$ cat protein34.csv   # CSV, C-alpha atoms
chain,number,residue,atom,x,y,z
T,1,GLY,CA,-29.2,-112.7,-17.7
T,2,LYS,CA,-32.7,-111.4,-16.7
T,3,SER,CA,-32.3,-112.4,-13.1
T,4,CYS,CA,-28.8,-111.0,-12.9
T,5,LEU,CA,-30.2,-107.7,-14.3
T,6,ALA,CA,-33.1,-107.7,-11.8
T,7,TYR,CA,-30.7,-108.4,-8.9
T,8,SER,CA,-28.4,-105.5,-10.0
T,9,ILE,CA,-31.4,-103.1,-10.1
T,10,ILE,CA,-32.5,-104.2,-6.6
T,11,GLU,CA,-29.0,-103.5,-5.4
T,12,ARG,CA,-28.8,-100.1,-7.0
T,13,LEU,CA,-32.3,-99.1,-5.7
T,14,GLY,CA,-31.1,-100.1,-2.2
T,15,GLU,CA,-28.1,-97.8,-2.5
T,16,THR,CA,-30.0,-94.8,-3.9
T,17,ARG,CA,-33.5,-95.1,-2.5
T,18,GLY,CA,-33.2,-97.0,0.7
T,19,ASN,CA,-32.8,-94.2,3.2
T,20,SER,CA,-36.4,-92.9,3.4
T,21,PRO,CA,-38.6,-94.6,6.0
T,22,ARG,CA,-41.6,-94.4,3.7
T,23,THR,CA,-39.9,-95.6,0.5
T,24,SER,CA,-39.9,-99.4,0.1
T,25,ILE,CA,-38.1,-101.7,-2.3
T,26,ALA,CA,-39.6,-105.1,-2.9
T,27,TYR,CA,-39.1,-107.9,-5.4
T,28,PHE,CA,-40.4,-111.3,-6.5
T,29,PHE,CA,-38.7,-113.8,-8.8
T,30,PHE,CA,-41.2,-116.0,-10.8
T,31,LYS,CA,-39.9,-119.6,-11.4
T,32,GLU,CA,-42.0,-121.9,-13.5
T,33,GLU,CA,-40.6,-125.1,-12.0
T,34,HIS,CA,-41.9,-124.2,-8.5
T,35,GLU,CA,-45.7,-123.9,-8.1
T,36,GLU,CA,-45.5,-121.4,-5.2
T,37,LEU,CA,-43.3,-119.2,-7.4
T,38,ARG,CA,-45.7,-119.1,-10.3
T,39,SER,CA,-48.5,-117.5,-8.2
T,40,VAL,CA,-49.4,-113.8,-8.5
T,41,LYS,CA,-51.2,-114.0,-5.2
T,42,ASN,CA,-48.0,-115.2,-3.6
T,43,LEU,CA,-46.2,-112.3,-5.3
T,44,LEU,CA,-48.6,-109.8,-3.8
T,45,SER,CA,-48.5,-111.4,-0.3
T,46,SER,CA,-44.7,-111.4,-0.4
T,47,VAL,CA,-44.5,-107.7,-1.3
T,48,VAL,CA,-46.9,-106.8,1.5
T,49,ILE,CA,-44.7,-108.5,3.9
T,50,GLN,CA,-41.5,-106.9,2.5
T,51,VAL,CA,-43.1,-103.4,2.7
T,52,ALA,CA,-44.4,-104.1,6.2
T,53,VAL,CA,-40.9,-105.0,7.4
T,54,ALA,CA,-39.4,-101.8,5.9
T,55,ASP,CA,-42.2,-99.2,6.6
T,56,GLU,CA,-43.5,-99.0,10.2
T,57,LYS,CA,-46.5,-96.8,9.3
T,58,TYR,CA,-47.6,-99.3,6.6
T,59,ARG,CA,-47.0,-102.2,9.0
T,60,ASN,CA,-49.3,-100.6,11.6
T,61,GLU,CA,-52.0,-99.8,9.1
T,62,VAL,CA,-52.0,-103.3,7.7
T,63,ALA,CA,-52.0,-104.9,11.1
T,64,ALA,CA,-55.0,-102.7,12.2
T,65,ASP,CA,-56.8,-103.5,9.0
T,66,LEU,CA,-56.4,-107.3,9.4
T,67,VAL,CA,-57.6,-107.5,13.1
T,68,ARG,CA,-60.9,-105.9,12.3
T,69,PRO,CA,-63.8,-108.3,12.5
T,70,ASP,CA,-64.2,-108.3,8.7
T,71,GLY,CA,-60.5,-107.7,8.1
T,72,GLY,CA,-59.2,-111.1,7.1
T,73,VAL,CA,-58.4,-112.0,3.5
T,74,PRO,CA,-60.7,-114.9,2.4
T,75,GLY,CA,-58.8,-118.0,1.5
T,76,ASN,CA,-60.4,-118.1,-1.9
T,77,ASP,CA,-59.3,-114.6,-2.8
T,78,ASP,CA,-57.4,-114.7,-6.1
T,79,GLY,CA,-55.3,-111.7,-5.1
T,80,SER,CA,-57.8,-109.0,-6.0
T,81,GLN,CA,-58.6,-108.0,-2.4
T,82,ILE,CA,-54.9,-108.0,-1.5
T,83,TRP,CA,-54.2,-105.7,-4.4
T,84,GLU,CA,-57.1,-103.3,-3.6
T,85,ARG,CA,-56.5,-103.1,0.1
T,86,PHE,CA,-52.8,-103.1,0.5
T,87,PHE,CA,-51.6,-101.5,-2.7
T,88,VAL,CA,-54.3,-99.3,-4.3
T,89,LYS,CA,-55.4,-97.9,-0.9
T,90,LYS,CA,-52.0,-97.7,0.7
T,91,PHE,CA,-50.2,-96.2,-2.3
T,92,SER,CA,-52.8,-93.7,-3.5
T,93,LYS,CA,-51.6,-90.6,-5.3
T,94,ASP,CA,-52.0,-88.6,-2.1
T,95,SER,CA,-49.9,-91.0,0.0
T,96,ASP,CA,-46.4,-90.2,1.2
T,97,ALA,CA,-45.5,-93.9,0.9
T,98,LYS,CA,-43.6,-95.0,-2.3
T,99,LEU,CA,-42.9,-98.5,-3.6
T,100,PHE,CA,-40.2,-99.6,-6.1
T,101,LEU,CA,-41.2,-103.1,-7.2
T,102,VAL,CA,-38.9,-105.5,-9.2
T,103,ILE,CA,-40.7,-108.5,-10.8
T,104,ASP,CA,-38.4,-110.9,-12.5
T,105,GLY,CA,-39.6,-113.5,-15.1
T,106,ILE,CA,-43.2,-112.5,-15.6
T,107,ASP,CA,-43.4,-115.0,-18.5
T,108,GLU,CA,-42.9,-117.8,-15.9
T,109,ALA,CA,-46.0,-116.8,-13.9
T,110,GLU,CA,-49.1,-118.9,-14.3
T,111,ALA,CA,-51.0,-118.1,-17.5
T,112,ASP,CA,-54.2,-116.6,-16.0
T,113,GLY,CA,-52.1,-114.9,-13.4
T,114,GLN,CA,-50.2,-112.9,-16.0
T,115,ALA,CA,-53.4,-111.3,-17.3
T,116,LYS,CA,-54.4,-110.4,-13.7
T,117,LEU,CA,-51.0,-109.0,-12.9
T,118,LEU,CA,-51.0,-106.8,-16.0
T,119,LYS,CA,-54.4,-105.5,-15.1
T,120,TYR,CA,-53.2,-104.6,-11.6
T,121,LEU,CA,-50.1,-102.9,-13.0
T,122,GLN,CA,-52.2,-100.9,-15.5
T,123,GLN,CA,-54.1,-99.4,-12.5
T,124,ILE,CA,-50.8,-97.9,-11.3
T,125,SER,CA,-51.0,-95.4,-14.2
T,126,THR,CA,-54.7,-94.9,-14.3
T,127,ASP,CA,-55.0,-94.2,-10.6
T,128,GLU,CA,-51.6,-92.5,-10.3
T,129,LEU,CA,-50.4,-94.8,-7.6
T,130,THR,CA,-47.0,-94.1,-6.0
T,131,ILE,CA,-45.6,-97.4,-7.3
T,132,GLN,CA,-42.9,-97.8,-9.9
T,133,VAL,CA,-42.3,-101.3,-11.4
T,134,VAL,CA,-39.5,-103.0,-13.3
T,135,LEU,CA,-40.6,-106.1,-15.2
T,136,THR,CA,-38.2,-108.6,-16.8
T,137,GLY,CA,-39.4,-111.4,-19.2
T,138,ARG,CA,-38.7,-113.1,-22.5
T,139,SER,CA,-39.5,-111.3,-25.8
T,140,HIS,CA,-42.7,-113.2,-26.4
T,141,MET,CA,-44.3,-111.1,-23.6
T,142,ASP,CA,-43.8,-107.9,-25.6
T,143,LEU,CA,-47.3,-107.7,-27.0
T,144,ALA,CA,-48.9,-108.5,-23.7
T,145,VAL,CA,-47.1,-105.8,-21.7
T,146,GLN,CA,-47.8,-103.1,-24.3
T,147,VAL,CA,-51.0,-102.2,-22.4
T,148,LEU,CA,-48.6,-100.8,-19.7
T,149,GLN,CA,-46.9,-98.5,-22.3
T,150,PRO,CA,-43.6,-99.3,-20.7
T,151,LEU,CA,-40.2,-97.9,-21.2
T,152,ARG,CA,-38.6,-100.9,-22.9
T,153,ILE,CA,-35.0,-102.0,-22.8
T,154,GLU,CA,-34.1,-104.9,-25.0
T,155,VAL,CA,-31.2,-107.1,-24.0
T,156,THR,CA,-29.8,-109.4,-26.7
T,157,LYS,CA,-26.5,-111.2,-27.2
T,158,GLN,CA,-25.8,-109.0,-30.2
T,159,LYS,CA,-26.1,-105.8,-28.2
T,160,LEU,CA,-23.9,-107.3,-25.5
T,161,SER,CA,-21.3,-108.3,-28.0
T,162,GLU,CA,-21.3,-104.8,-29.4
T,163,LYS,CA,-20.1,-103.7,-26.0
T,164,SER,CA,-17.2,-106.0,-26.1
T,165,GLY,CA,-14.9,-103.3,-24.5
T,166,ASP,CA,-17.2,-103.3,-21.5
T,167,LEU,CA,-17.1,-107.0,-21.1
T,168,TRP,CA,-13.3,-107.0,-21.4
T,169,ARG,CA,-13.0,-104.4,-18.7
T,170,ILE,CA,-15.2,-106.5,-16.4
T,171,ILE,CA,-13.0,-109.6,-17.0
T,172,MET,CA,-9.8,-107.7,-16.4
T,173,PHE,CA,-11.2,-106.0,-13.2
T,174,ARG,CA,-12.4,-109.3,-11.8
T,175,CYS,CA,-9.2,-111.1,-12.6
T,176,LYS,CA,-7.3,-108.5,-10.6
T,177,ALA,CA,-9.8,-108.3,-7.8
T,178,LEU,CA,-10.0,-112.1,-7.0
T,179,SER,CA,-7.1,-113.0,-4.7
T,180,LYS,CA,-6.6,-116.5,-6.2
T,181,LEU,CA,-6.3,-115.1,-9.7
T,182,ARG,CA,-4.0,-112.2,-8.5
T,183,ARG,CA,-1.5,-114.8,-7.4
T,184,LEU,CA,-1.2,-116.2,-11.0
T,185,LYS,CA,1.5,-114.9,-13.4
T,186,PRO,CA,0.3,-112.1,-15.6
T,187,PHE,CA,0.5,-114.1,-18.8
T,188,VAL,CA,-1.6,-116.9,-17.2
T,189,ARG,CA,-4.3,-114.3,-16.1
T,190,LYS,CA,-4.3,-112.8,-19.6
T,191,LYS,CA,-4.7,-116.3,-21.2
T,192,ILE,CA,-7.8,-116.9,-18.9
T,193,ALA,CA,-9.2,-113.5,-19.8
T,194,VAL,CA,-8.8,-114.0,-23.5
T,195,LYS,CA,-10.5,-117.4,-23.4
T,196,LEU,CA,-13.4,-116.0,-21.3
T,197,ARG,CA,-13.9,-113.1,-23.7
T,198,LEU,CA,-14.1,-115.3,-26.7
T,199,ARG,CA,-17.0,-117.2,-25.1
T,200,ALA,CA,-18.7,-114.6,-22.9
T,201,ASP,CA,-22.0,-113.0,-24.0
T,202,SER,CA,-22.9,-111.4,-20.7
T,203,ARG,CA,-21.6,-110.2,-17.4
T,204,CYS,CA,-23.5,-113.1,-15.7
T,205,TYR,CA,-21.5,-115.6,-17.8
T,206,ILE,CA,-18.2,-113.9,-16.8
T,207,LEU,CA,-18.9,-113.8,-13.1
T,208,SER,CA,-20.2,-117.4,-12.9
T,209,HIS,CA,-17.2,-118.9,-14.9
T,210,LEU,CA,-14.7,-116.9,-12.9
T,211,VAL,CA,-16.2,-118.3,-9.7
T,212,ARG,CA,-15.8,-121.8,-11.1
T,213,ILE,CA,-12.2,-121.1,-12.0
T,214,VAL,CA,-11.4,-119.8,-8.5
T,215,ASN,CA,-13.1,-122.7,-6.8

$ encode --input "protein34.csv" --output "structure tokens"
Amino acid sequence: GKSCLAYSIIERLGETRGNSPRTSIAYFFFKEEHEELRSVKNLLSSVVIQVAVADEKYRNEVAADLVRPDGGVPGNDDGSQIWERFFVKKFSKDSDAKLFLVIDGIDEAEADGQAKLLKYLQQISTDELTIQVVLTGRSHMDLAVQVLQPLRIEVTKQKLSEKSGDLWRIIMFRCKALSKLRRLKPFVRKKIAVKLRLRADSRCYILSHLVRIVN
């Protein structure tokens, strides 16, 4: 459910933080089975584009920087120049620009890239950059990310099952909200709900299986 959680955070940020012209929300989903989605350099490039689309002042500054005679980013850059020029300098502690960044599946990034990314993110705190980051990843990354001194939220099946009442409310709400399920007799809906609750260990499981039932 990591990606489901990341998606929910992005949605909530869009609802609560998306009105300011100088506040940007960007995201990147690492996927180990796709080479282009394992690259930290691609993450940085993607975020620069997302911020440029949302923030006109940032877009103009980046464009002016790139058209200078020496402004291009070398093809052999490992991402260090992108980070320094378009993150450190653009989101300094005196900047009125802010960035909320959601990075999903850091454990699926290329191995050497993980170390570089953590080094970059550590600079957010040391240089007081106006960037806030949410990272998701499997538990074996815990030791590596401790250098960031993060606020840590652990999501486990056990914790989710302890909130069984919440999962039951989600199931019942969705059963009533989906038009095809609403047409079923109440006892049939309840039977579906009970069967789902016995197997469900997360909100993601509930939503995906209800979609299958409806389709």

$ closest_residue --input "protein34.csv" --among "T:Ser80, T:Lys89, T:Ile153, T:Leu13" --to "Asp65 (chain T)" --atoms "only C-alpha atoms"
T:Lys89

$ atom_distance --input "protein34.csv" --atom1 "CA of Ala111 (chain T)" --atom2 "CA of Phe29 (chain T)"
15.7 Å

$ closest_residue --input "protein34.csv" --among "T:Pro21, T:Gly113, T:Gly137, T:Gly105" --to "Asn42 (chain T)" --atoms "all atoms listed in the file"
T:Gly113

$ atom_distance --input "protein34.csv" --atom1 "CA of Lys98 (chain T)" --atom2 "CA of Ser46 (chain T)"
16.5 Å

$ atom_distance --input "protein34.csv" --atom1 "CA of Gly72 (chain T)" --atom2 "CA of Gln122 (chain T)"
25.8 Å

$ closest_residue --input "protein34.csv" --among "T:Thr136, T:Phe100, T:Ser45, T:Glu84" --to "Glu11 (chain T)" --atoms "all atoms listed in the file"
T:Phe100

$ closest_residue --input "protein34.csv" --among "T:Arg174, T:Lys195, T:Arg59, T:Arg138" --to "Phe86 (chain T)" --atoms "all atoms listed in the file"
T:Arg59

$ residues_around --input "protein34.csv" --residues "Phe173 (chain T)" --least-positions-apart "6" --cutoff "12 Å" --atoms "only C-alpha atoms" --output "VMD selection string"
chain T and resid 166 to 167 179 181 to 182 189 to 190 193 203 206 to 207 210

$ closest_residue --input "protein34.csv" --among "T:Ala109, T:Leu101, T:Ser39, T:Lys180" --to "Asp78 (chain T)" --atoms "only C-alpha atoms"
T:Ser39

$ closest_residue --input "protein34.csv" --among "T:Val73, T:Ala54, T:Ile103, T:Leu43" --to "Ala6 (chain T)" --atoms "all atoms listed in the file"
T:Ile103

$ build_atoms --input "protein34.csv" --residues "region 67-102 of chain T" --atoms "N, CA and C atoms" --output "PDB file, in the coordinates of the input"
ATOM      1  N   VAL T  67     -56.949-107.003  11.803  1.00  0.00           N
ATOM      2  CA  VAL T  67     -57.600-107.500  13.100  1.00  0.00           C
ATOM      3  C   VAL T  67     -59.023-107.014  13.190  1.00  0.00           C
ATOM      4  N   ARG T  68     -59.496-106.198  12.256  1.00  0.00           N
ATOM      5  CA  ARG T  68     -60.900-105.900  12.300  1.00  0.00           C
ATOM      6  C   ARG T  68     -61.754-107.111  12.086  1.00  0.00           C
ATOM      7  N   PRO T  69     -62.979-107.140  12.631  1.00  0.00           N
ATOM      8  CA  PRO T  69     -63.800-108.300  12.500  1.00  0.00           C
ATOM      9  C   PRO T  69     -63.973-108.837  11.089  1.00  0.00           C
ATOM     10  N   ASP T  70     -64.011-107.919  10.135  1.00  0.00           N
ATOM     11  CA  ASP T  70     -64.200-108.300   8.700  1.00  0.00           C
ATOM     12  C   ASP T  70     -62.868-108.103   7.950  1.00  0.00           C
ATOM     13  N   GLY T  71     -61.762-108.064   8.691  1.00  0.00           N
ATOM     14  CA  GLY T  71     -60.500-107.700   8.100  1.00  0.00           C
ATOM     15  C   GLY T  71     -59.689-108.747   7.421  1.00  0.00           C
ATOM     16  N   GLY T  72     -59.990-109.999   7.693  1.00  0.00           N
ATOM     17  CA  GLY T  72     -59.200-111.100   7.100  1.00  0.00           C
ATOM     18  C   GLY T  72     -59.374-111.196   5.619  1.00  0.00           C
ATOM     19  N   VAL T  73     -58.358-111.721   4.955  1.00  0.00           N
ATOM     20  CA  VAL T  73     -58.400-112.000   3.500  1.00  0.00           C
ATOM     21  C   VAL T  73     -58.987-113.367   3.290  1.00  0.00           C
ATOM     22  N   PRO T  74     -60.104-113.527   2.589  1.00  0.00           N
ATOM     23  CA  PRO T  74     -60.700-114.900   2.400  1.00  0.00           C
ATOM     24  C   PRO T  74     -59.666-115.798   1.688  1.00  0.00           C
ATOM     25  N   GLY T  75     -59.707-117.062   2.076  1.00  0.00           N
ATOM     26  CA  GLY T  75     -58.800-118.000   1.500  1.00  0.00           C
ATOM     27  C   GLY T  75     -58.955-118.220   0.014  1.00  0.00           C
ATOM     28  N   ASN T  76     -60.167-117.952  -0.475  1.00  0.00           N
ATOM     29  CA  ASN T  76     -60.400-118.100  -1.900  1.00  0.00           C
ATOM     30  C   ASN T  76     -60.149-116.870  -2.722  1.00  0.00           C
ATOM     31  N   ASP T  77     -59.599-115.832  -2.081  1.00  0.00           N
ATOM     32  CA  ASP T  77     -59.300-114.600  -2.800  1.00  0.00           C
ATOM     33  C   ASP T  77     -58.170-114.889  -3.827  1.00  0.00           C
ATOM     34  N   ASP T  78     -58.348-114.430  -5.048  1.00  0.00           N
ATOM     35  CA  ASP T  78     -57.400-114.700  -6.100  1.00  0.00           C
ATOM     36  C   ASP T  78     -56.253-113.630  -6.111  1.00  0.00           C
ATOM     37  N   GLY T  79     -56.265-112.755  -5.139  1.00  0.00           N
ATOM     38  CA  GLY T  79     -55.300-111.700  -5.100  1.00  0.00           C
ATOM     39  C   GLY T  79     -55.900-110.313  -5.249  1.00  0.00           C
ATOM     40  N   SER T  80     -57.143-110.260  -5.724  1.00  0.00           N
ATOM     41  CA  SER T  80     -57.800-109.000  -6.000  1.00  0.00           C
ATOM     42  C   SER T  80     -57.970-108.130  -4.754  1.00  0.00           C
ATOM     43  N   GLN T  81     -58.375-108.787  -3.647  1.00  0.00           N
ATOM     44  CA  GLN T  81     -58.600-108.000  -2.400  1.00  0.00           C
ATOM     45  C   GLN T  81     -57.224-107.538  -1.842  1.00  0.00           C
ATOM     46  N   ILE T  82     -56.213-108.385  -1.948  1.00  0.00           N
ATOM     47  CA  ILE T  82     -54.900-108.000  -1.500  1.00  0.00           C
ATOM     48  C   ILE T  82     -54.417-106.751  -2.249  1.00  0.00           C
ATOM     49  N   TRP T  83     -54.579-106.798  -3.563  1.00  0.00           N
ATOM     50  CA  TRP T  83     -54.200-105.700  -4.400  1.00  0.00           C
ATOM     51  C   TRP T  83     -54.922-104.411  -4.022  1.00  0.00           C
ATOM     52  N   GLU T  84     -56.234-104.494  -3.897  1.00  0.00           N
ATOM     53  CA  GLU T  84     -57.100-103.300  -3.600  1.00  0.00           C
ATOM     54  C   GLU T  84     -56.766-102.730  -2.244  1.00  0.00           C
ATOM     55  N   ARG T  85     -56.681-103.587  -1.237  1.00  0.00           N
ATOM     56  CA  ARG T  85     -56.500-103.100   0.100  1.00  0.00           C
ATOM     57  C   ARG T  85     -55.140-102.658   0.506  1.00  0.00           C
ATOM     58  N   PHE T  86     -54.157-103.388   0.022  1.00  0.00           N
ATOM     59  CA  PHE T  86     -52.800-103.100   0.500  1.00  0.00           C
ATOM     60  C   PHE T  86     -51.878-102.490  -0.532  1.00  0.00           C
ATOM     61  N   PHE T  87     -52.377-102.261  -1.737  1.00  0.00           N
ATOM     62  CA  PHE T  87     -51.600-101.500  -2.700  1.00  0.00           C
ATOM     63  C   PHE T  87     -52.379-100.278  -3.189  1.00  0.00           C
ATOM     64  N   VAL T  88     -53.575-100.465  -3.748  1.00  0.00           N
ATOM     65  CA  VAL T  88     -54.300 -99.300  -4.300  1.00  0.00           C
ATOM     66  C   VAL T  88     -54.624 -98.301  -3.161  1.00  0.00           C
ATOM     67  N   LYS T  89     -55.090 -98.772  -2.010  1.00  0.00           N
ATOM     68  CA  LYS T  89     -55.400 -97.900  -0.900  1.00  0.00           C
ATOM     69  C   LYS T  89     -54.234 -97.315  -0.182  1.00  0.00           C
ATOM     70  N   LYS T  90     -53.179 -98.107  -0.072  1.00  0.00           N
ATOM     71  CA  LYS T  90     -52.000 -97.700   0.700  1.00  0.00           C
ATOM     72  C   LYS T  90     -51.030 -96.829  -0.110  1.00  0.00           C
ATOM     73  N   PHE T  91     -51.095 -96.941  -1.437  1.00  0.00           N
ATOM     74  CA  PHE T  91     -50.200 -96.200  -2.300  1.00  0.00           C
ATOM     75  C   PHE T  91     -50.960 -95.270  -3.246  1.00  0.00           C
ATOM     76  N   SER T  92     -52.019 -94.647  -2.736  1.00  0.00           N
ATOM     77  CA  SER T  92     -52.800 -93.700  -3.500  1.00  0.00           C
ATOM     78  C   SER T  92     -51.951 -92.497  -3.888  1.00  0.00           C
ATOM     79  N   LYS T  93     -52.421 -91.717  -4.841  1.00  0.00           N
ATOM     80  CA  LYS T  93     -51.600 -90.600  -5.300  1.00  0.00           C
ATOM     81  C   LYS T  93     -51.361 -89.541  -4.212  1.00  0.00           C
ATOM     82  N   ASP T  94     -52.177 -89.550  -3.160  1.00  0.00           N
ATOM     83  CA  ASP T  94     -52.000 -88.600  -2.100  1.00  0.00           C
ATOM     84  C   ASP T  94     -51.125 -89.168  -0.932  1.00  0.00           C
ATOM     85  N   SER T  95     -50.699 -90.407  -1.076  1.00  0.00           N
ATOM     86  CA  SER T  95     -49.900 -91.000   0.000  1.00  0.00           C
ATOM     87  C   SER T  95     -48.471 -90.569  -0.021  1.00  0.00           C
ATOM     88  N   ASP T  96     -47.869 -90.521   1.160  1.00  0.00           N
ATOM     89  CA  ASP T  96     -46.400 -90.200   1.200  1.00  0.00           C
ATOM     90  C   ASP T  96     -45.577 -91.446   1.145  1.00  0.00           C
ATOM     91  N   ALA T  97     -46.213 -92.612   1.013  1.00  0.00           N
ATOM     92  CA  ALA T  97     -45.500 -93.900   0.900  1.00  0.00           C
ATOM     93  C   ALA T  97     -45.164 -94.105  -0.622  1.00  0.00           C
ATOM     94  N   LYS T  98     -44.000 -94.696  -0.887  1.00  0.00           N
ATOM     95  CA  LYS T  98     -43.600 -95.000  -2.300  1.00  0.00           C
ATOM     96  C   LYS T  98     -43.091 -96.458  -2.292  1.00  0.00           C
ATOM     97  N   LEU T  99     -43.329 -97.108  -3.419  1.00  0.00           N
ATOM     98  CA  LEU T  99     -42.900 -98.500  -3.600  1.00  0.00           C
ATOM     99  C   LEU T  99     -42.174 -98.654  -4.924  1.00  0.00           C
ATOM    100  N   PHE T 100     -40.953 -99.199  -4.861  1.00  0.00           N
ATOM    101  CA  PHE T 100     -40.200 -99.600  -6.100  1.00  0.00           C
ATOM    102  C   PHE T 100     -40.311-101.158  -6.079  1.00  0.00           C
ATOM    103  N   LEU T 101     -40.901-101.690  -7.131  1.00  0.00           N
ATOM    104  CA  LEU T 101     -41.200-103.100  -7.200  1.00  0.00           C
ATOM    105  C   LEU T 101     -40.446-103.734  -8.414  1.00  0.00           C
ATOM    106  N   VAL T 102     -39.634-104.755  -8.174  1.00  0.00           N
ATOM    107  CA  VAL T 102     -38.900-105.500  -9.200  1.00  0.00           C
ATOM    108  C   VAL T 102     -39.528-106.857  -9.375  1.00  0.00           C
TER     109      VAL T 102
END
